[in-house]
$ cat work28.pdb   # PDB, C-alpha atoms
MODEL        1
ATOM      1  CA  MET A 113       0.000   0.000   0.000
ATOM      2  CA  THR A 114       1.143   3.511  -0.685
ATOM      3  CA  ARG A 115       1.353   6.158   2.017
ATOM      4  CA  ARG A 116      -1.734   7.866   0.689
ATOM      5  CA  ARG A 117      -3.691   4.626   1.011
ATOM      6  CA  TRP A 118      -2.493   4.189   4.615
ATOM      7  CA  VAL A 119      -3.702   7.710   5.408
ATOM      8  CA  GLY A 120      -7.092   6.757   4.010
ATOM      9  CA  VAL A 121      -7.177   3.579   6.075
ATOM     10  CA  GLY A 122      -6.188   5.548   9.195
ATOM     11  CA  LEU A 123      -8.862   8.177   8.659
ATOM     12  CA  TRP A 124     -11.420   5.452   8.008
ATOM     13  CA  SER A 125     -10.455   3.869  11.359
ATOM     14  CA  VAL A 126     -10.939   7.190  13.146
ATOM     15  CA  TRP A 127     -14.360   7.519  11.548
ATOM     16  CA  VAL A 128     -15.458   4.024  12.576
ATOM     17  CA  THR A 129     -14.187   4.554  16.121
ATOM     18  CA  GLY A 130     -16.083   7.834  16.371
ATOM     19  CA  LEU A 131     -19.318   6.188  15.280
ATOM     20  CA  GLY A 132     -18.858   3.345  17.745
ATOM     21  CA  GLY A 133     -19.007   5.717  20.692
ATOM     22  CA  ALA A 134     -22.072   7.608  19.494
ATOM     23  CA  ALA A 135     -24.992   7.858  21.846
ATOM     24  CA  ARG A 136     -28.241   9.750  21.709
ATOM     25  CA  ALA A 137     -28.067  12.871  23.851
ATOM     26  CA  HIS A 138     -30.682  15.316  25.042
ATOM     27  CA  ALA A 139     -29.960  18.906  26.008
ATOM     28  CA  ALA A 140     -30.641  19.334  29.711
ATOM     29  CA  ASP A 141     -31.719  22.978  29.488
ATOM     30  CA  GLY A 142     -33.612  23.084  26.214
ATOM     31  CA  ASP A 143     -31.246  23.906  23.378
ATOM     32  CA  ALA A 144     -28.105  25.440  24.867
ATOM     33  CA  TRP A 145     -25.204  26.299  22.549
ATOM     34  CA  PHE A 146     -22.775  24.270  24.649
ATOM     35  CA  GLY A 147     -24.166  20.954  25.766
ATOM     36  CA  ARG A 148     -23.442  17.235  25.500
ATOM     37  CA  ASP A 149     -25.585  16.943  22.380
ATOM     38  CA  LYS A 150     -23.607  19.737  20.689
ATOM     39  CA  THR A 151     -20.378  17.901  21.510
ATOM     40  CA  LEU A 152     -21.776  14.810  19.816
ATOM     41  CA  HIS A 153     -22.887  16.796  16.760
ATOM     42  CA  PHE A 154     -19.433  18.375  16.483
ATOM     43  CA  SER A 155     -17.398  15.215  17.047
ATOM     44  CA  LEU A 156     -19.468  12.920  14.848
ATOM     45  CA  SER A 157     -19.564  15.441  12.002
ATOM     46  CA  ALA A 158     -15.782  15.797  12.274
ATOM     47  CA  ALA A 159     -15.324  12.027  12.303
ATOM     48  CA  ILE A 160     -17.729  11.423   9.416
ATOM     49  CA  SER A 161     -16.182  14.147   7.240
ATOM     50  CA  ALA A 162     -12.669  12.872   8.008
ATOM     51  CA  GLY A 163     -13.837   9.381   7.108
ATOM     52  CA  GLY A 164     -15.287  10.623   3.838
ATOM     53  CA  TYR A 165     -12.015  12.363   3.061
ATOM     54  CA  GLY A 166     -10.097   9.205   3.917
ATOM     55  CA  VAL A 167     -12.263   6.946   1.779
ATOM     56  CA  ALA A 168     -11.996   9.370  -1.134
ATOM     57  CA  SER A 169      -8.202   9.486  -0.761
ATOM     58  CA  VAL A 170      -8.116   5.790  -1.598
ATOM     59  CA  ALA A 171     -10.130   6.439  -4.763
ATOM     60  CA  THR A 172      -8.580   9.677  -6.068
ATOM     61  CA  ASP A 173      -5.460  11.811  -5.867
ATOM     62  CA  ASP A 174      -7.466  14.981  -6.534
ATOM     63  CA  ALA A 175      -7.773  16.906  -3.244
ATOM     64  CA  ARG A 176     -10.897  18.713  -4.448
ATOM     65  CA  TRP A 177     -12.809  15.431  -4.667
ATOM     66  CA  ARG A 178     -11.528  14.318  -1.261
ATOM     67  CA  TYR A 179     -12.733  17.564   0.354
ATOM     68  CA  LEU A 180     -16.039  17.412  -1.508
ATOM     69  CA  THR A 181     -16.663  13.809  -0.463
ATOM     70  CA  GLY A 182     -15.816  14.570   3.169
ATOM     71  CA  ALA A 183     -18.027  17.658   3.203
ATOM     72  CA  ALA A 184     -20.913  15.800   1.591
ATOM     73  CA  ALA A 185     -20.636  12.992   4.134
ATOM     74  CA  GLY A 186     -20.429  15.276   7.180
ATOM     75  CA  LEU A 187     -23.060  17.778   6.121
ATOM     76  CA  GLY A 188     -25.280  15.071   4.678
ATOM     77  CA  ALA A 189     -25.291  13.198   7.975
ATOM     78  CA  GLY A 190     -26.043  16.386   9.919
ATOM     79  CA  ALA A 191     -28.783  17.510   7.551
ATOM     80  CA  GLY A 192     -30.272  14.029   7.518
ATOM     81  CA  LYS A 193     -30.349  13.930  11.315
ATOM     82  CA  GLU A 194     -32.054  17.305  11.494
ATOM     83  CA  ALA A 195     -34.530  16.287   8.776
ATOM     84  CA  LEU A 196     -35.482  13.229  10.827
ATOM     85  CA  ASP A 197     -35.824  15.423  13.901
ATOM     86  CA  ALA A 198     -38.075  17.817  11.969
ATOM     87  CA  ALA A 199     -40.201  14.875  10.828
ATOM     88  CA  GLY A 200     -41.052  14.095  14.435
ATOM     89  CA  PHE A 201     -38.256  11.743  15.473
ATOM     90  CA  GLY A 202     -36.614  14.332  17.724
ATOM     91  CA  ASP A 203     -36.200  18.050  18.238
ATOM     92  CA  ALA A 204     -34.840  19.838  15.148
ATOM     93  CA  SER A 205     -32.339  22.564  15.934
ATOM     94  CA  TRP A 206     -30.362  25.073  13.904
ATOM     95  CA  ARG A 207     -27.838  25.078  16.753
ATOM     96  CA  ASP A 208     -27.281  21.366  16.251
ATOM     97  CA  PHE A 209     -26.765  21.894  12.531
ATOM     98  CA  THR A 210     -24.389  24.790  13.232
ATOM     99  CA  TRP A 211     -22.233  22.416  15.272
ATOM    100  CA  ASP A 212     -22.465  19.892  12.418
ATOM    101  CA  VAL A 213     -21.054  22.516  10.038
ATOM    102  CA  ILE A 214     -18.264  23.455  12.475
ATOM    103  CA  GLY A 215     -17.435  19.776  13.031
ATOM    104  CA  THR A 216     -17.363  19.087   9.312
ATOM    105  CA  ALA A 217     -14.991  22.005   8.715
ATOM    106  CA  THR A 218     -12.750  20.823  11.549
ATOM    107  CA  GLY A 219     -12.697  17.238  10.275
ATOM    108  CA  LEU A 220     -11.769  18.396   6.790
ATOM    109  CA  ALA A 221      -9.099  20.759   8.110
ATOM    110  CA  LEU A 222      -7.512  17.985  10.183
ATOM    111  CA  SER A 223      -7.712  15.544   7.276
ATOM    112  CA  GLY A 224      -6.080  18.043   4.948
ATOM    113  CA  LEU A 225      -3.370  18.745   7.524
ATOM    114  CA  VAL A 226      -2.616  15.049   8.001
ATOM    115  CA  ASP A 227      -2.549  14.557   4.247
ATOM    116  CA  TRP A 228      -0.240  17.548   3.756
ATOM    117  CA  LEU A 229       2.118  16.480   6.549
ATOM    118  CA  TRP A 230       2.182  12.922   5.255
ATOM    119  CA  LEU A 231       2.828  13.856   1.644
ATOM    120  CA  ARG A 232       5.501  16.457   2.346
ATOM    121  CA  THR A 233       7.596  14.005   4.402
ATOM    122  CA  PRO A 234      10.487  12.797   2.253
ATOM    123  CA  PRO A 235      10.618   9.025   1.756
ATOM    124  CA  ASP A 236      12.973   7.003   3.897
ATOM    125  CA  PRO A 237      16.105   6.256   1.809
ATOM    126  CA  ALA A 238      16.248   2.722   3.243
ATOM    127  CA  HIS A 239      12.875   1.928   1.701
ATOM    128  CA  ARG A 240      13.489   3.597  -1.637
ATOM    129  CA  ALA A 241      13.311   1.272  -4.650
ATOM    130  CA  ARG A 242      16.665   0.722  -6.293
TER     131      ARG A 242
ENDMDL
END
$ encode --input "work28.pdb" --output "structure tokens"
Amino acid sequence: MTRRRWVGVGLWSVWVTGLGGAARAHAADGDAWFGRDKTLHFSLSAAISAGGYGVASVATDDARWRYLTGAAAGLGAGAGKEALDAAGFGDASWRDFTWDVIGTATGLALSGLVDWLWLRTPPDPAHRAR
């Protein structure tokens, strides 16, 4: 596997781990800006967008498509959750979606940073093909 593929596998692992710890949360005081449910919206959106970026990095070398895939995954999950809430399965909240957007941006920024740091590292001469 190439380094880029390993980055994708690593980001995918972070995404799966983030989803494994997900739990349904209710805001204790209505819909506060800073509550446990907002932390979950932020962290899961970050994990899902990073996972989307990682999966796309296995499929393409074009960074634009990796960012687009990560953003679509993170924002799509957040919008889908809020749509279900609006349909009567919970309490829809623009504050929740705001934290989804912030989490998605953070996940993409961290994914891009990891990708940039990984790709700018010169290869180890001992492992270079001769």
$ closest_residue --input "work28.pdb" --among "A:Gly142, A:Leu187, A:Trp230, A:Phe154" --to "A:Ala204" --atoms "only C-alpha atoms"
A:Gly142
$ resolve_selection --input "work28.pdb" --expression "the PyMOL selection byres ((chain A and resi 207) around 9)" --output "number ranges by chain"
A: 143-145, 150, 204-206, 208-212
$ atom_distance --input "work28.pdb" --atom1 "atom CA of A:Leu180" --atom2 "atom CA of A:Ala162"
11.1 Å
$ residues_around --input "work28.pdb" --residues "A:Asp174" --least-positions-apart "6" --cutoff "12 Å" --atoms "only C-alpha atoms" --output "list in words"
Arg116, Tyr165, Ala168, Leu180, Thr181, Gly224 and Asp227 of chain A
$ residues_around --input "work28.pdb" --residues "A:Gly215" --least-positions-apart "5" --cutoff "10 Å" --atoms "all atoms listed in the file" --output "PyMOL selection string"
chain A and resi 150-162+186-187+190+209-210+220-221
$ write_last_selection --input "work28.pdb" --atoms "C-alpha atoms" --output "CSV table (one decimal), keeping the file's coordinate frame"
chain,number,residue,atom,x,y,z
A,150,LYS,CA,-23.6,19.7,20.7
A,151,THR,CA,-20.4,17.9,21.5
A,152,LEU,CA,-21.8,14.8,19.8
A,153,HIS,CA,-22.9,16.8,16.8
A,154,PHE,CA,-19.4,18.4,16.5
A,155,SER,CA,-17.4,15.2,17.0
A,156,LEU,CA,-19.5,12.9,14.8
A,157,SER,CA,-19.6,15.4,12.0
A,158,ALA,CA,-15.8,15.8,12.3
A,159,ALA,CA,-15.3,12.0,12.3
A,160,ILE,CA,-17.7,11.4,9.4
A,161,SER,CA,-16.2,14.1,7.2
A,162,ALA,CA,-12.7,12.9,8.0
A,186,GLY,CA,-20.4,15.3,7.2
A,187,LEU,CA,-23.1,17.8,6.1
A,190,GLY,CA,-26.0,16.4,9.9
A,209,PHE,CA,-26.8,21.9,12.5
A,210,THR,CA,-24.4,24.8,13.2
A,220,LEU,CA,-11.8,18.4,6.8
A,221,ALA,CA,-9.1,20.8,8.1
$ atom_distance --input "work28.pdb" --atom1 "atom CA of A:Ala183" --atom2 "atom CA of A:Gly164"
7.6 Å
$ closest_residue --input "work28.pdb" --among "A:Gly163, A:Asp173, A:Arg178, A:Asp149" --to "A:Asp203" --atoms "only C-alpha atoms"
A:Asp149
$ build_atoms --input "work28.pdb" --residues "stretch 173-199 of chain A" --atoms "N, CA and C atoms" --output "tab-separated table (two decimals), in the frame of the given file"
chain	number	residue	atom	x	y	z
A	173	ASP	N	-6.56	10.96	-6.31
A	173	ASP	CA	-5.46	11.81	-5.87
A	173	ASP	C	-5.85	13.28	-5.91
A	174	ASP	N	-7.01	13.61	-6.41
A	174	ASP	CA	-7.47	14.98	-6.53
A	174	ASP	C	-8.04	15.46	-5.19
A	175	ALA	N	-7.37	16.42	-4.57
A	175	ALA	CA	-7.77	16.91	-3.24
A	175	ALA	C	-9.18	17.51	-3.26
A	176	ARG	N	-9.56	18.11	-4.37
A	176	ARG	CA	-10.90	18.71	-4.45
A	176	ARG	C	-11.98	17.67	-4.23
A	177	TRP	N	-11.82	16.49	-4.83
A	177	TRP	CA	-12.81	15.43	-4.67
A	177	TRP	C	-12.79	14.86	-3.26
A	178	ARG	N	-11.60	14.81	-2.64
A	178	ARG	CA	-11.53	14.32	-1.26
A	178	ARG	C	-12.26	15.27	-0.33
A	179	TYR	N	-12.03	16.59	-0.49
A	179	TYR	CA	-12.73	17.56	0.35
A	179	TYR	C	-14.23	17.54	0.09
A	180	LEU	N	-14.62	17.44	-1.16
A	180	LEU	CA	-16.04	17.41	-1.51
A	180	LEU	C	-16.73	16.18	-0.92
A	181	THR	N	-16.09	15.04	-1.01
A	181	THR	CA	-16.66	13.81	-0.46
A	181	THR	C	-16.79	13.90	1.05
A	182	GLY	N	-15.75	14.41	1.72
A	182	GLY	CA	-15.82	14.57	3.17
A	182	GLY	C	-16.90	15.55	3.59
A	183	ALA	N	-17.00	16.66	2.87
A	183	ALA	CA	-18.03	17.66	3.20
A	183	ALA	C	-19.43	17.10	2.97
A	184	ALA	N	-19.61	16.39	1.88
A	184	ALA	CA	-20.91	15.80	1.59
A	184	ALA	C	-21.30	14.78	2.66
A	185	ALA	N	-20.35	13.99	3.10
A	185	ALA	CA	-20.64	12.99	4.13
A	185	ALA	C	-21.00	13.66	5.46
A	186	GLY	N	-20.18	14.62	5.90
A	186	GLY	CA	-20.43	15.28	7.18
A	186	GLY	C	-21.70	16.10	7.19
A	187	LEU	N	-21.86	16.93	6.18
A	187	LEU	CA	-23.06	17.78	6.12
A	187	LEU	C	-24.31	16.96	5.80
A	188	GLY	N	-24.14	15.93	4.99
A	188	GLY	CA	-25.28	15.07	4.68
A	188	GLY	C	-25.79	14.35	5.91
A	189	ALA	N	-24.87	13.87	6.74
A	189	ALA	CA	-25.29	13.20	7.98
A	189	ALA	C	-25.99	14.18	8.91
A	190	GLY	N	-25.43	15.38	9.05
A	190	GLY	CA	-26.04	16.39	9.92
A	190	GLY	C	-27.40	16.84	9.42
A	191	ALA	N	-27.50	17.08	8.12
A	191	ALA	CA	-28.78	17.51	7.55
A	191	ALA	C	-29.81	16.38	7.64
A	192	GLY	N	-29.37	15.16	7.41
A	192	GLY	CA	-30.27	14.03	7.52
A	192	GLY	C	-30.81	13.86	8.93
A	193	LYS	N	-29.93	14.02	9.91
A	193	LYS	CA	-30.35	13.93	11.32
A	193	LYS	C	-31.37	15.01	11.64
A	194	GLU	N	-31.12	16.21	11.21
A	194	GLU	CA	-32.05	17.30	11.49
A	194	GLU	C	-33.36	17.13	10.72
A	195	ALA	N	-33.31	16.56	9.53
A	195	ALA	CA	-34.53	16.29	8.78
A	195	ALA	C	-35.38	15.24	9.50
A	196	LEU	N	-34.74	14.22	10.04
A	196	LEU	CA	-35.48	13.23	10.83
A	196	LEU	C	-36.08	13.85	12.08
A	197	ASP	N	-35.31	14.72	12.72
A	197	ASP	CA	-35.82	15.42	13.90
A	197	ASP	C	-37.04	16.28	13.53
A	198	ALA	N	-36.97	16.96	12.41
A	198	ALA	CA	-38.08	17.82	11.97
A	198	ALA	C	-39.31	16.99	11.59
A	199	ALA	N	-39.09	15.75	11.20
A	199	ALA	CA	-40.20	14.88	10.83
A	199	ALA	C	-40.88	14.25	12.04
